[in-house]
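K.L.:
Structure file my_file-v7.cif (mmCIF, C-alpha atoms, pLDDT in the B column; chains and numbers go by the auth columns) is given on the next line.
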data_work
#
loop_
_atom_site.group_PDB
_atom_site.id
_atom_site.type_symbol
_atom_site.label_atom_id
_atom_site.label_comp_id
_atom_site.label_asym_id
_atom_site.label_seq_id
_atom_site.Cartn_x
_atom_site.Cartn_y
_atom_site.Cartn_z
_atom_site.B_iso_or_equiv
_atom_site.auth_seq_id
_atom_site.auth_asym_id
ATOM 1 C CA MET A 1 39.346 -11.688 3.021 44.00 184 A
ATOM 2 C CA ARG A 2 37.147 -9.827 0.570 48.00 185 A
ATOM 3 C CA SER A 3 35.884 -13.080 -1.020 50.00 186 A
ATOM 4 C CA LYS A 4 34.927 -14.489 2.389 54.00 187 A
ATOM 5 C CA ALA A 5 33.012 -11.321 3.252 56.00 188 A
ATOM 6 C CA SER A 6 31.289 -11.375 -0.120 77.00 189 A
ATOM 7 C CA LEU A 7 30.276 -15.008 0.373 77.00 190 A
ATOM 8 C CA GLY A 8 28.968 -14.227 3.842 77.00 191 A
ATOM 9 C CA LEU A 9 26.876 -11.362 2.540 82.00 192 A
ATOM 10 C CA LYS A 10 25.453 -13.573 -0.201 81.00 193 A
ATOM 11 C CA LEU A 11 24.519 -16.257 2.293 84.00 194 A
ATOM 12 C CA ALA A 12 22.942 -13.677 4.586 86.00 195 A
ATOM 13 C CA ALA A 13 20.919 -12.256 1.692 85.00 196 A
ATOM 14 C CA LEU A 14 19.835 -15.749 0.666 85.00 197 A
ATOM 15 C CA GLY A 15 18.817 -16.614 4.218 87.00 198 A
ATOM 16 C CA THR A 16 16.790 -13.408 4.509 87.00 199 A
ATOM 17 C CA LEU A 17 14.982 -14.073 1.235 85.00 200 A
ATOM 18 C CA LEU A 18 14.159 -17.634 2.297 86.00 201 A
ATOM 19 C CA PHE A 19 12.927 -16.433 5.685 87.00 202 A
ATOM 20 C CA LEU A 20 10.617 -13.929 4.014 82.00 203 A
ATOM 21 C CA HIS A 21 9.287 -16.032 1.160 81.00 204 A
ATOM 22 C CA ILE A 22 9.078 -19.643 2.388 82.00 205 A
ATOM 23 C CA PRO A 23 5.776 -18.851 4.223 81.00 206 A
ATOM 24 C CA LEU A 24 4.381 -17.579 0.909 81.00 207 A
ATOM 25 C CA LEU A 25 5.407 -20.818 -0.776 82.00 208 A
ATOM 26 C CA ILE A 26 3.646 -22.784 1.977 80.00 209 A
ATOM 27 C CA ILE A 27 0.431 -20.842 1.300 79.00 210 A
ATOM 28 C CA PHE A 28 0.759 -21.641 -2.398 80.00 211 A
ATOM 29 C CA LEU A 29 1.379 -25.330 -1.663 79.00 212 A
ATOM 30 C CA TYR A 30 -1.582 -25.832 0.659 75.00 213 A
ATOM 31 C CA ALA A 31 -4.011 -24.070 -1.680 77.00 214 A
ATOM 32 C CA PHE A 32 -3.949 -27.336 -3.668 77.00 215 A
ATOM 33 C CA THR A 33 -4.210 -29.862 -0.833 73.00 216 A
ATOM 34 C CA THR A 34 -7.064 -32.369 -0.670 69.00 217 A
ATOM 35 C CA ASP A 35 -7.038 -32.316 3.154 66.00 218 A
ATOM 36 C CA GLU A 36 -9.332 -29.490 4.194 63.00 219 A
ATOM 37 C CA ALA A 37 -8.731 -29.529 7.955 59.00 220 A
ATOM 38 C CA THR A 38 -5.013 -30.077 8.644 62.00 221 A
ATOM 39 C CA TYR A 39 -1.590 -29.206 7.290 65.00 222 A
ATOM 40 C CA THR A 40 0.201 -32.447 6.552 65.00 223 A
ATOM 41 C CA PHE A 41 3.360 -32.980 4.538 69.00 224 A
ATOM 42 C CA PRO A 42 3.749 -34.474 2.059 70.00 225 A
ATOM 43 C CA LEU A 43 0.357 -33.489 0.677 68.00 226 A
ATOM 44 C CA PRO A 44 -2.206 -36.301 0.801 69.00 227 A
ATOM 45 C CA GLY A 45 -3.276 -35.264 -2.700 71.00 228 A
ATOM 46 C CA VAL A 46 -3.477 -32.379 -5.113 73.00 229 A
ATOM 47 C CA THR A 47 -6.704 -30.740 -6.265 75.00 230 A
ATOM 48 C CA THR A 48 -7.905 -27.470 -7.754 78.00 231 A
ATOM 49 C CA ARG A 49 -11.474 -27.696 -6.431 77.00 232 A
ATOM 50 C CA TRP A 50 -10.811 -25.034 -3.793 78.00 233 A
ATOM 51 C CA PHE A 51 -10.454 -22.420 -6.530 82.00 234 A
ATOM 52 C CA GLY A 52 -13.989 -23.192 -7.721 80.00 235 A
ATOM 53 C CA GLU A 53 -15.356 -23.051 -4.186 79.00 236 A
ATOM 54 C CA THR A 54 -13.588 -19.747 -3.599 80.00 237 A
ATOM 55 C CA LEU A 55 -15.099 -18.156 -6.696 83.00 238 A
ATOM 56 C CA GLY A 56 -18.557 -19.234 -5.530 81.00 239 A
ATOM 57 C CA ARG A 57 -18.374 -17.483 -2.141 83.00 240 A
ATOM 58 C CA THR A 58 -20.646 -14.426 -2.202 85.00 241 A
ATOM 59 C CA ASP A 59 -19.275 -13.144 1.122 86.00 242 A
ATOM 60 C CA LEU A 60 -15.799 -13.175 -0.392 85.00 243 A
ATOM 61 C CA TRP A 61 -16.878 -11.130 -3.408 89.00 244 A
ATOM 62 C CA ALA A 62 -18.581 -8.576 -1.154 91.00 245 A
ATOM 63 C CA ALA A 63 -15.418 -8.196 0.936 89.00 246 A
ATOM 64 C CA LEU A 64 -13.233 -7.965 -2.184 89.00 247 A
ATOM 65 C CA THR A 65 -15.482 -5.307 -3.735 91.00 248 A
ATOM 66 C CA LEU A 66 -15.391 -3.227 -0.549 92.00 249 A
ATOM 67 C CA SER A 67 -11.588 -3.465 -0.350 91.00 250 A
ATOM 68 C CA LEU A 68 -11.185 -2.376 -3.969 91.00 251 A
ATOM 69 C CA LYS A 69 -13.533 0.586 -3.484 93.00 252 A
ATOM 70 C CA VAL A 70 -11.804 1.695 -0.288 93.00 253 A
ATOM 71 C CA ALA A 71 -8.332 1.346 -1.818 92.00 254 A
ATOM 72 C CA THR A 72 -9.366 3.321 -4.914 93.00 255 A
ATOM 73 C CA VAL A 73 -10.909 6.226 -3.004 95.00 256 A
ATOM 74 C CA ALA A 74 -8.109 6.308 -0.408 93.00 257 A
ATOM 75 C CA THR A 75 -5.523 6.350 -3.199 93.00 258 A
ATOM 76 C CA LEU A 76 -7.250 9.242 -4.982 93.00 259 A
ATOM 77 C CA ALA A 77 -7.397 11.205 -1.722 93.00 260 A
ATOM 78 C CA ALA A 78 -3.739 10.428 -1.068 92.00 261 A
ATOM 79 C CA LEU A 79 -2.719 11.571 -4.551 91.00 262 A
ATOM 80 C CA ILE A 80 -4.423 14.937 -4.102 91.00 263 A
ATOM 81 C CA LEU A 81 -3.440 15.628 -0.491 91.00 264 A
ATOM 82 C CA GLY A 82 0.055 14.159 -0.784 89.00 265 A
ATOM 83 C CA THR A 83 0.867 16.174 -3.910 88.00 266 A
ATOM 84 C CA LEU A 84 -0.419 19.435 -2.426 87.00 267 A
ATOM 85 C CA ALA A 85 1.484 18.836 0.819 87.00 268 A
ATOM 86 C CA ALA A 86 4.717 18.018 -1.042 87.00 269 A
ATOM 87 C CA ALA A 87 4.381 21.140 -3.197 83.00 270 A
ATOM 88 C CA ALA A 88 3.755 23.326 -0.135 83.00 271 A
ATOM 89 C CA VAL A 89 6.710 21.927 1.807 83.00 272 A
ATOM 90 C CA TYR A 90 9.070 22.140 -1.170 79.00 273 A
ATOM 91 C CA ARG A 91 8.082 25.510 -2.625 74.00 274 A
ATOM 92 C CA SER A 92 7.356 27.475 0.557 73.00 275 A
ATOM 93 C CA ARG A 93 9.469 28.571 3.480 74.00 276 A
ATOM 94 C CA PHE A 94 7.376 29.037 6.609 72.00 277 A
ATOM 95 C CA PHE A 95 7.642 28.638 10.357 75.00 278 A
ATOM 96 C CA GLY A 96 7.152 25.019 11.422 71.00 279 A
ATOM 97 C CA ARG A 97 7.910 23.608 7.964 75.00 280 A
ATOM 98 C CA ASP A 98 10.008 20.758 9.345 77.00 281 A
ATOM 99 C CA ALA A 99 7.363 20.013 11.975 82.00 282 A
ATOM 100 C CA VAL A 100 4.679 19.762 9.269 79.00 283 A
ATOM 101 C CA SER A 101 6.860 17.374 7.267 79.00 284 A
ATOM 102 C CA PHE A 102 7.427 15.261 10.390 81.00 285 A
ATOM 103 C CA LEU A 103 3.708 15.140 11.205 82.00 286 A
ATOM 104 C CA LEU A 104 2.897 14.041 7.642 81.00 287 A
ATOM 105 C CA VAL A 105 5.282 11.082 7.888 81.00 288 A
ATOM 106 C CA LEU A 106 4.367 10.147 11.471 81.00 289 A
ATOM 107 C CA PRO A 107 1.198 8.057 10.789 80.00 290 A
ATOM 108 C CA ILE A 108 3.104 5.412 8.823 79.00 291 A
ATOM 109 C CA ALA A 109 5.852 5.266 11.459 80.00 292 A
ATOM 110 C CA LEU A 110 3.459 4.713 14.360 80.00 293 A
ATOM 111 C CA PRO A 111 2.180 1.192 15.124 82.00 294 A
ATOM 112 C CA GLY A 112 -1.090 0.553 13.324 83.00 295 A
ATOM 113 C CA ILE A 113 -2.886 -0.207 16.576 87.00 296 A
ATOM 114 C CA VAL A 114 -2.008 3.252 17.932 88.00 297 A
ATOM 115 C CA THR A 115 -3.345 4.932 14.789 86.00 298 A
ATOM 116 C CA GLY A 116 -6.447 2.737 14.894 87.00 299 A
ATOM 117 C CA ILE A 117 -7.239 3.543 18.533 89.00 300 A
ATOM 118 C CA ALA A 118 -6.699 7.276 17.920 89.00 301 A
ATOM 119 C CA LEU A 119 -8.981 7.257 14.874 89.00 302 A
ATOM 120 C CA ARG A 120 -11.695 5.269 16.651 90.00 303 A
ATOM 121 C CA SER A 121 -11.608 7.634 19.620 90.00 304 A
ATOM 122 C CA ALA A 122 -11.797 10.690 17.363 89.00 305 A
ATOM 123 C CA ILE A 123 -14.615 9.280 15.228 88.00 306 A
ATOM 124 C CA GLY A 124 -16.543 8.155 18.300 86.00 307 A
ATOM 125 C CA SER A 125 -16.164 11.517 20.062 88.00 308 A
ATOM 126 C CA LEU A 126 -17.579 13.273 16.981 87.00 309 A
ATOM 127 C CA ASP A 127 -20.532 10.838 16.860 85.00 310 A
ATOM 128 C CA ILE A 128 -19.713 9.881 13.267 86.00 311 A
ATOM 129 C CA PRO A 129 -21.231 6.489 12.328 89.00 312 A
ATOM 130 C CA PHE A 130 -18.719 3.897 11.226 88.00 313 A
ATOM 131 C CA SER A 131 -19.100 3.301 7.518 88.00 314 A
ATOM 132 C CA PHE A 132 -17.273 3.085 4.204 90.00 315 A
ATOM 133 C CA TRP A 133 -16.006 6.644 4.639 92.00 316 A
ATOM 134 C CA THR A 134 -14.484 6.066 8.060 91.00 317 A
ATOM 135 C CA ILE A 135 -12.438 3.229 6.565 92.00 318 A
ATOM 136 C CA VAL A 136 -11.304 5.567 3.767 92.00 319 A
ATOM 137 C CA ILE A 137 -10.287 8.224 6.306 90.00 320 A
ATOM 138 C CA GLY A 138 -8.289 5.664 8.257 89.00 321 A
ATOM 139 C CA HIS A 139 -6.490 4.397 5.168 91.00 322 A
ATOM 140 C CA ALA A 140 -5.822 7.878 3.828 90.00 323 A
ATOM 141 C CA THR A 141 -3.810 8.742 6.958 89.00 324 A
ATOM 142 C CA PHE A 142 -0.974 6.445 5.903 87.00 325 A
ATOM 143 C CA CYS A 143 -1.560 6.413 2.122 88.00 326 A
ATOM 144 C CA VAL A 144 -0.845 10.150 1.980 90.00 327 A
ATOM 145 C CA VAL A 145 2.656 9.456 3.285 90.00 328 A
ATOM 146 C CA THR A 146 3.661 7.245 0.350 89.00 329 A
ATOM 147 C CA VAL A 147 2.554 9.840 -2.205 89.00 330 A
ATOM 148 C CA TYR A 148 4.082 12.691 -0.210 89.00 331 A
ATOM 149 C CA ASN A 149 7.497 11.025 0.043 87.00 332 A
ATOM 150 C CA ASN A 150 7.609 10.110 -3.659 85.00 333 A
ATOM 151 C CA VAL A 151 6.481 13.511 -4.927 86.00 334 A
ATOM 152 C CA LEU A 152 8.710 15.462 -2.521 85.00 335 A
ATOM 153 C CA ALA A 153 11.733 13.435 -3.622 82.00 336 A
ATOM 154 C CA ARG A 154 10.900 14.196 -7.257 83.00 337 A
ATOM 155 C CA PHE A 155 10.469 17.903 -6.559 81.00 338 A
ATOM 156 C CA ARG A 156 13.922 17.959 -5.000 79.00 339 A
ATOM 157 C CA ARG A 157 15.402 16.471 -8.190 77.00 340 A
ATOM 158 C CA THR A 158 13.522 18.900 -10.443 72.00 341 A
ATOM 159 C CA SER A 159 15.136 22.218 -11.278 67.00 342 A
ATOM 160 C CA GLY A 160 13.157 25.183 -9.983 65.00 343 A
ATOM 161 C CA SER A 161 14.314 27.217 -12.967 70.00 344 A
ATOM 162 C CA LEU A 162 11.872 25.269 -15.177 71.00 345 A
ATOM 163 C CA ILE A 163 8.894 26.641 -13.284 68.00 346 A
ATOM 164 C CA GLU A 164 10.374 30.145 -13.216 67.00 347 A
ATOM 165 C CA ALA A 165 11.025 30.014 -16.962 75.00 348 A
ATOM 166 C CA SER A 166 7.450 28.904 -17.617 72.00 349 A
ATOM 167 C CA MET A 167 6.049 31.777 -15.576 70.00 350 A
ATOM 168 C CA ASP A 168 8.427 34.267 -17.225 65.00 351 A
ATOM 169 C CA LEU A 169 7.180 33.160 -20.641 71.00 352 A
ATOM 170 C CA GLY A 170 3.617 34.060 -19.705 73.00 353 A
ATOM 171 C CA ALA A 171 2.156 30.738 -18.578 71.00 354 A
ATOM 172 C CA ASN A 172 -0.323 30.914 -15.724 69.00 355 A
ATOM 173 C CA ALA A 173 -0.217 28.630 -12.685 68.00 356 A
ATOM 174 C CA PHE A 174 -2.498 26.001 -14.234 71.00 357 A
ATOM 175 C CA GLN A 175 -0.543 25.898 -17.515 72.00 358 A
ATOM 176 C CA THR A 176 2.750 25.646 -15.630 72.00 359 A
ATOM 177 C CA PHE A 177 1.441 22.762 -13.557 72.00 360 A
ATOM 178 C CA ARG A 178 -0.007 20.950 -16.582 72.00 361 A
ATOM 179 C CA HIS A 179 2.904 21.326 -18.988 73.00 362 A
ATOM 180 C CA VAL A 180 5.940 21.548 -16.674 73.00 363 A
ATOM 181 C CA VAL A 181 5.271 20.226 -13.178 73.00 364 A
ATOM 182 C CA LEU A 182 2.943 17.305 -13.942 74.00 365 A
ATOM 183 C CA PRO A 183 5.182 15.657 -16.598 74.00 366 A
ATOM 184 C CA ASN A 184 8.104 15.792 -14.158 77.00 367 A
ATOM 185 C CA ILE A 185 6.234 14.238 -11.246 78.00 368 A
ATOM 186 C CA ALA A 186 4.031 11.831 -13.249 80.00 369 A
ATOM 187 C CA THR A 187 6.043 8.680 -12.526 81.00 370 A
ATOM 188 C CA ALA A 188 6.381 9.668 -8.854 82.00 371 A
ATOM 189 C CA LEU A 189 2.604 10.060 -8.663 84.00 372 A
ATOM 190 C CA LEU A 190 2.084 6.707 -10.358 83.00 373 A
ATOM 191 C CA ALA A 191 4.565 4.928 -8.079 82.00 374 A
ATOM 192 C CA GLY A 192 3.162 6.570 -4.946 85.00 375 A
ATOM 193 C CA GLY A 193 -0.394 5.812 -6.023 86.00 376 A
ATOM 194 C CA MET A 194 0.339 2.130 -6.621 84.00 377 A
ATOM 195 C CA LEU A 195 2.087 1.817 -3.258 85.00 378 A
ATOM 196 C CA ALA A 196 -0.836 3.557 -1.563 89.00 379 A
ATOM 197 C CA PHE A 197 -3.308 1.211 -3.274 89.00 380 A
ATOM 198 C CA ALA A 198 -1.330 -1.865 -2.188 84.00 381 A
ATOM 199 C CA LEU A 199 -1.073 -0.625 1.420 87.00 382 A
ATOM 200 C CA SER A 200 -4.780 0.177 1.591 89.00 383 A
ATOM 201 C CA PHE A 201 -5.881 -3.067 -0.018 87.00 384 A
ATOM 202 C CA ASP A 202 -4.230 -5.331 2.559 84.00 385 A
ATOM 203 C CA GLU A 203 -4.565 -3.137 5.666 86.00 386 A
ATOM 204 C CA VAL A 204 -6.194 -4.948 8.586 88.00 387 A
ATOM 205 C CA ILE A 205 -5.232 -3.274 11.886 89.00 388 A
ATOM 206 C CA VAL A 206 -6.485 0.268 11.237 89.00 389 A
ATOM 207 C CA THR A 207 -9.474 -1.179 9.369 90.00 390 A
ATOM 208 C CA THR A 208 -10.500 -3.199 12.420 89.00 391 A
ATOM 209 C CA PHE A 209 -10.926 0.011 14.424 90.00 392 A
ATOM 210 C CA THR A 210 -12.663 2.061 11.712 89.00 393 A
ATOM 211 C CA ALA A 211 -14.836 -0.458 9.841 86.00 394 A
ATOM 212 C CA GLY A 212 -17.684 -0.957 12.284 80.00 395 A
ATOM 213 C CA GLN A 213 -19.800 -3.752 10.760 84.00 396 A
ATOM 214 C CA GLN A 214 -18.088 -3.528 7.364 87.00 397 A
ATOM 215 C CA THR A 215 -15.941 -6.467 6.250 87.00 398 A
ATOM 216 C CA THR A 216 -12.974 -5.835 3.975 89.00 399 A
ATOM 217 C CA LEU A 217 -11.004 -8.679 2.420 88.00 400 A
ATOM 218 C CA PRO A 218 -8.188 -8.735 5.040 88.00 401 A
ATOM 219 C CA ILE A 219 -10.784 -8.804 7.844 88.00 402 A
ATOM 220 C CA TRP A 220 -12.608 -11.602 6.008 87.00 403 A
ATOM 221 C CA ILE A 221 -9.378 -13.621 5.793 83.00 404 A
ATOM 222 C CA PHE A 222 -8.665 -13.008 9.472 83.00 405 A
ATOM 223 C CA SER A 223 -12.128 -14.250 10.426 82.00 406 A
ATOM 224 C CA GLN A 224 -11.624 -17.442 8.388 79.00 407 A
ATOM 225 C CA LEU A 225 -8.631 -18.472 10.508 76.00 408 A
ATOM 226 C CA THR A 226 -11.024 -19.717 13.195 75.00 409 A
ATOM 227 C CA ARG A 227 -12.675 -22.090 10.721 73.00 410 A
ATOM 228 C CA PRO A 228 -10.309 -25.036 10.143 64.00 411 A
ATOM 229 C CA ARG A 229 -12.332 -26.522 7.276 69.00 412 A
ATOM 230 C CA ASP A 230 -12.032 -23.265 5.303 69.00 413 A
ATOM 231 C CA ARG A 231 -8.225 -23.186 5.392 75.00 414 A
ATOM 232 C CA PRO A 232 -7.724 -24.198 1.738 77.00 415 A
ATOM 233 C CA VAL A 233 -10.181 -21.514 0.636 81.00 416 A
ATOM 234 C CA THR A 234 -8.331 -18.980 2.795 82.00 417 A
ATOM 235 C CA ASN A 235 -5.050 -20.023 1.172 82.00 418 A
ATOM 236 C CA VAL A 236 -6.533 -19.521 -2.296 84.00 419 A
ATOM 237 C CA VAL A 237 -7.725 -16.038 -1.344 84.00 420 A
ATOM 238 C CA ALA A 238 -4.291 -15.294 0.102 83.00 421 A
ATOM 239 C CA LEU A 239 -2.753 -16.173 -3.278 83.00 422 A
ATOM 240 C CA PHE A 240 -4.977 -13.612 -4.999 82.00 423 A
ATOM 241 C CA VAL A 241 -4.137 -10.997 -2.357 80.00 424 A
ATOM 242 C CA ILE A 242 -0.418 -11.626 -2.844 82.00 425 A
ATOM 243 C CA ALA A 243 -0.787 -11.215 -6.614 79.00 426 A
ATOM 244 C CA ILE A 244 -2.877 -8.033 -6.307 76.00 427 A
ATOM 245 C CA THR A 245 -0.415 -6.551 -3.802 77.00 428 A
ATOM 246 C CA VAL A 246 2.882 -7.633 -5.372 79.00 429 A
ATOM 247 C CA ILE A 247 2.131 -6.373 -8.886 78.00 430 A
ATOM 248 C CA PRO A 248 1.669 -2.661 -8.007 72.00 431 A
ATOM 249 C CA ILE A 249 4.597 -2.747 -5.566 74.00 432 A
ATOM 250 C CA PHE A 250 6.849 -4.279 -8.239 77.00 433 A
ATOM 251 C CA LEU A 251 5.761 -1.720 -10.835 75.00 434 A
ATOM 252 C CA ALA A 252 6.233 1.124 -8.354 68.00 435 A
ATOM 253 C CA GLN A 253 9.730 -0.100 -7.541 72.00 436 A
ATOM 254 C CA ARG A 254 10.595 -0.281 -11.239 72.00 437 A
ATOM 255 C CA LEU A 255 9.241 3.202 -11.887 67.00 438 A
ATOM 256 C CA THR A 256 11.141 4.628 -8.916 63.00 439 A
ATOM 257 C CA ALA A 257 14.390 2.945 -9.989 63.00 440 A
ATOM 258 C CA GLU A 258 14.073 4.096 -13.589 57.00 441 A
ATOM 259 C CA SER A 259 13.269 7.673 -12.598 55.00 442 A
ATOM 260 C CA SER A 260 16.228 7.700 -10.206 52.00 443 A
ATOM 261 C CA ASP A 261 18.538 6.562 -12.989 51.00 444 A
ATOM 262 C CA THR A 262 17.169 9.261 -15.259 48.00 445 A
ATOM 263 C CA GLY A 263 17.570 11.916 -12.601 47.00 446 A
ATOM 264 C CA GLY A 264 21.100 10.791 -11.881 44.00 447 A
ATOM 265 C CA GLY A 265 21.958 10.929 -15.528 42.00 448 A
#
Please render this file's structure as structure tokens.

P.N.:
Amino acid sequence: MRSKASLGLKLAALGTLLFLHIPLLIIFLYAFTTDEATYTFPLPGVTTRWFGETLGRTDLWAALTLSLKVATVATLAALILGTLAAAAVYRSRFFGRDAVSFLLVLPIALPGIVTGIALRSAIGSLDIPFSFWTIVIGHATFCVVTVYNNVLARFRRTSGSLIEASMDLGANAFQTFRHVVLPNIATALLAGGMLAFALSFDEVIVTTFTAGQQTTLPIWIFSQLTRPRDRPVTNVVALFVIAITVIPIFLAQRLTAESSDTGGG
């Protein structure tokens, strides 16, 4: 009975992986097709000329540059705000502490369209022009959550006696943070920061409501879907987006797993 259940679980896991990753393989396959307008199988031919055309698109480079800038600034904001919020929730006992923790996590749990509409309404009511900074604000609302969750989990696995011992030995708050707290939460910060960067880089729904006339890379890709003759170029760009997104997520997962093993030990 156990062997049958084990086999069933393996098949279910395999089916789930195929369901999730076969579309990615299709994107990879049709980035090399010679037919620029339709998806036909088997491929009518194989070519790499779309990679050259992609690299020559100035509108693509502008969108990519904007996405990288937004993701970088949003990640830095998330690292600062998420760390401070995690420290406050962990170290302090105050009325409404659980409500604050819930409100911090809520933006990533809500549908992106709800967050986008709320942000657009708030920005519009304050007469703030839509610009680079409104995109950063929109992305920071959910990037903070990834840093907050990672750092709070690390705080909970860190002994509070270390901080007390540092203060008892004469270290001030800055020295305690630099020499005791920061080394303990460094990998959590790195993992949370990489996850935040990946989430910001490929965000499209919230960006649509906060970008105004700005065009990030996901919005650029979305706009290309209405141009059938640009499909191979879009597939090539999607390959780069997958690579840029998967690498930090993989590294963050490895860092989180290794730190969990260390904490357990």

K.L.:
Wanna dump the stretch 358-408 of chain A-stretch 305-319 of chain A contacts at 10 Å for me, each residue with its shortest atom pair and the distance in Å to one decimal, counting only C-alpha atoms, ordered by chain and number, as JSON lines?

P.N.:
{"residue": "A:Ser383", "atom": "CA", "partner": "A:Val319", "partner_atom": "CA", "distance": 8.7}
{"residue": "A:Val389", "atom": "CA", "partner": "A:Ile318", "partner_atom": "CA", "distance": 8.1}
{"residue": "A:Thr390", "atom": "CA", "partner": "A:Ile318", "partner_atom": "CA", "distance": 6.0}
{"residue": "A:Thr391", "atom": "CA", "partner": "A:Ile318", "partner_atom": "CA", "distance": 8.9}
{"residue": "A:Phe392", "atom": "CA", "partner": "A:Ile318", "partner_atom": "CA", "distance": 8.6}
{"residue": "A:Thr393", "atom": "CA", "partner": "A:Ile318", "partner_atom": "CA", "distance": 5.3}
{"residue": "A:Ala394", "atom": "CA", "partner": "A:Ile318", "partner_atom": "CA", "distance": 5.5}
{"residue": "A:Gly395", "atom": "CA", "partner": "A:Phe313", "partner_atom": "CA", "distance": 5.1}
{"residue": "A:Gln396", "atom": "CA", "partner": "A:Phe313", "partner_atom": "CA", "distance": 7.7}
{"residue": "A:Gln397", "atom": "CA", "partner": "A:Ser314", "partner_atom": "CA", "distance": 6.9}
{"residue": "A:Thr398", "atom": "CA", "partner": "A:Phe315", "partner_atom": "CA", "distance": 9.9}
{"residue": "A:Thr399", "atom": "CA", "partner": "A:Ile318", "partner_atom": "CA", "distance": 9.4}

K.L.:
How many Å lie between atom CA of A:Val327 and atom CA of A:Val420, rounded to one decimal?

P.N.:
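Separating atom CA of A:Val327 from atom CA of A:Val420 is a distance of 27.3 Å.
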
K.L.:
Choose the residue, out of A:Phe357, A:Trp403, A:Tyr273, A:Phe380, that has the smallest atom-to-atom separation from A:Thr341; count all atoms listed in the file.

P.N.:
A:Tyr273

K.L.:
Measuring atom to atom with all atoms listed in the file, identify which of A:Val364, A:Leu400, A:Met377, A:Glu236 is nearest to A:Leu259.

P.N.:
A:Met377

K.L.:
What gap, in Å, lies between atom CA of A:Ala369 and atom CA of A:Val330?

P.N.:
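Value for the atom CA of A:Ala369-atom CA of A:Val330 distance: 11.3 Å.
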
K.L.:
Tell me which of A:Val283, A:Val297, A:Ala270, A:Ala379 sits closest to A:Arg337, counting all atoms listed in the file.

P.N.:
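Among the listed residues, A:Ala270 lies closest to A:Arg337.
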
K.L.:
Which residues, named as in the file, does the PyMOL selection byres ((chain A and resi 262) around 7) pick out? Answer as a list in words.

P.N.:
Thr258, Leu259, Ala260, Ala261, Ile263, Leu264, Gly265, Thr266, Val327, Val330, Leu372 and Gly376 of chain A

K.L.:
What is the atom CA of A:Val334-atom CA of A:Gly375 distance in Å, reported with one decimal?

P.N.:
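Pair atom CA of A:Val334 / atom CA of A:Gly375 returns 7.7 Å.
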
K.L.:
Using only C-alpha atoms, which residue out of A:Leu365, A:Ala426, A:Val272, A:Val419 lies closest to A:Phe211?

P.N.:
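Residue with the minimum atom-to-atom distance to A:Phe211: A:Val419.
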
K.L.:
Measuring between only C-alpha atoms, which one of A:Ser349, A:Leu378, A:Phe405, A:Arg414 shows the shortest distance to A:Arg437?

P.N.:
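Of all the options, A:Leu378 lies closest to A:Arg437.
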
K.L.:
For A:Ile210, which residue out of A:Pro366, A:Pro415, A:Gly191, A:Pro431 is the nearest one, using all atoms listed in the file?

P.N.:
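Nearest candidate to A:Ile210 out of A:Pro366, A:Pro415, A:Gly191, A:Pro431: A:Pro415.
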
K.L.:
Just the residues within 8 Å of A:Ala381, please, counting only C-alpha atoms, with nothing from its chain fewer than 6 positions along; format it as a PDB file with C-alpha atoms, in the frame of the given file.

P.N.:
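Written output follows (selection_29.pdb):
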ATOM      1  CA  ALA A 254      -8.332   1.346  -1.818  1.00 92.00           C
ATOM      2  CA  ILE A 427      -2.877  -8.033  -6.307  1.00 76.00           C
ATOM      3  CA  THR A 428      -0.415  -6.551  -3.802  1.00 77.00           C
ATOM      4  CA  VAL A 429       2.882  -7.633  -5.372  1.00 79.00           C
ATOM      5  CA  PRO A 431       1.669  -2.661  -8.007  1.00 72.00           C
ATOM      6  CA  ILE A 432       4.597  -2.747  -5.566  1.00 74.00           C
TER       7      ILE A 432
END

K.L.:
Could you write out as a list in words the residues that the PyMOL selection byres ((chain A and resi 234) around 10) matches in the shown file?

P.N.:
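So the PyMOL selection byres ((chain A and resi 234) around 10) ends up selecting Ala214, Phe215, Thr230, Thr231, Arg232, Trp233, Gly235, Glu236, Thr237, Leu238, Gly239, Pro415, Val416, Asn418, Val419 and Val420 of chain A.
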
K.L.:
With the file shown as input, list the residues that the PyMOL selection byres ((chain A and resi 325) around 9) selects, as a ChimeraX atom specification.

P.N.:
/A:261,287-292,321-324,326-329,379,382-383

K.L.:
Return as JSON the centre and edge lengths, in Å with one decimal, of the box along x, y and z that encloses every atom of stretch 389-392 of chain A in the file, padded by 5 Å per side.

P.N.:
{"center_x": -8.7, "center_y": -1.5, "center_z": 11.9, "size_x": 14.4, "size_y": 13.5, "size_z": 15.1}
